[in-house]
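Heads up, the thing below is written out as structure tokens.
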Amino acid sequence: MLRLYIACVGIVLFLGCTSKEETALMKSYTKNINYHKQLQKTEKIQLYENNITKVMLTATYLYTAVADKNDTRHEVFIIGLHLEDEDSEALHYSLLLNTKKSIKVEELSTDDTRLQQISFVSDWGLYYLVTFPHSQE
């Protein structure tokens, strides 16, 4: 009898812990799962000059897994630049991936469909599709 009572109390506790908000959160997550996966592949860095932020850079790695163990596809990123002021436009910079220069840099417009799947997109940012040679690391 005691075991039955403990089992009933346990079931009531487990059912009471599930809320409508949690269910709504899980539905929202599964609806936007691609966005959240891209968010996991995004890094942000700020470039400073005299302790003042000049540029905020975001990089999202566009990688889709394949079964081929000898995958030698190029490494592709969407790079976002957010310049803090007009003086930042005079900065000269280059991007390297494991000491390798990019193969191709393509500027993207803010209404490009590829930007809809990533985070940190704003109207005042500059976005580029950057391709690097395959890297083993």
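We name chains A, B, ... following the order of the structure tokens; residues begin at 1 in each chain, and ligands are numbered from 1 as shown.
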
Original post:
Contacts of His82 of chain A at 8 Å or less, counting only C-alpha atoms, minus same-chain residues fewer than 3 places along, as JSON, numbers by chain?
Top reply: {"A": [55, 56, 57, 124, 125, 126]}

So that I have them on file, write out the residues from the current selection with N, CA and C atoms, as a PDB file, in the first residue's frame.
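Saved result, selection33.pdb, follows:
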ATOM      1  N   VAL A  55      35.038  48.061 -34.417  1.00  0.00           N
ATOM      2  CA  VAL A  55      34.312  47.138 -35.281  1.00  0.00           C
ATOM      3  C   VAL A  55      33.850  45.941 -34.446  1.00  0.00           C
ATOM      4  N   MET A  56      32.609  45.531 -34.663  1.00  0.00           N
ATOM      5  CA  MET A  56      32.143  44.269 -34.114  1.00  0.00           C
ATOM      6  C   MET A  56      32.005  43.310 -35.282  1.00  0.00           C
ATOM      7  N   LEU A  57      32.609  42.144 -35.169  1.00  0.00           N
ATOM      8  CA  LEU A  57      32.619  41.169 -36.238  1.00  0.00           C
ATOM      9  C   LEU A  57      31.901  39.908 -35.764  1.00  0.00           C
ATOM     10  N   TRP A 124      22.175  47.990 -40.462  1.00  0.00           N
ATOM     11  CA  TRP A 124      23.360  48.829 -40.582  1.00  0.00           C
ATOM     12  C   TRP A 124      24.656  48.026 -40.661  1.00  0.00           C
ATOM     13  N   GLY A 125      24.561  46.705 -40.694  1.00  0.00           N
ATOM     14  CA  GLY A 125      25.757  45.875 -40.810  1.00  0.00           C
ATOM     15  C   GLY A 125      26.119  45.622 -42.265  1.00  0.00           C
ATOM     16  N   LEU A 126      27.366  45.267 -42.485  1.00  0.00           N
ATOM     17  CA  LEU A 126      27.850  44.849 -43.794  1.00  0.00           C
ATOM     18  C   LEU A 126      28.075  43.348 -43.721  1.00  0.00           C
TER      19      LEU A 126
END

Original post:
Nearest to Thr60 of chain A: which of A:Ser122, A:Thr42, A:Gln117, A:Ser102 is it, counting only C-alpha atoms?
Top reply: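 That would be A:Thr42, the residue with the smallest distance to Thr60 of chain A.
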
Subject >> Separation of atom CA of Val130 of chain A from atom CA of Tyr48 of chain A in Å >> reply: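 These atoms are spaced 22.6 Å apart.
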
**OP:** Grab the atom CA of Gln46 of chain A to atom CA of Glu106 of chain A distance for me, in Å with one decimal place.
**Re:**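 Rounded to one decimal, the two atoms are 21.8 Å apart.
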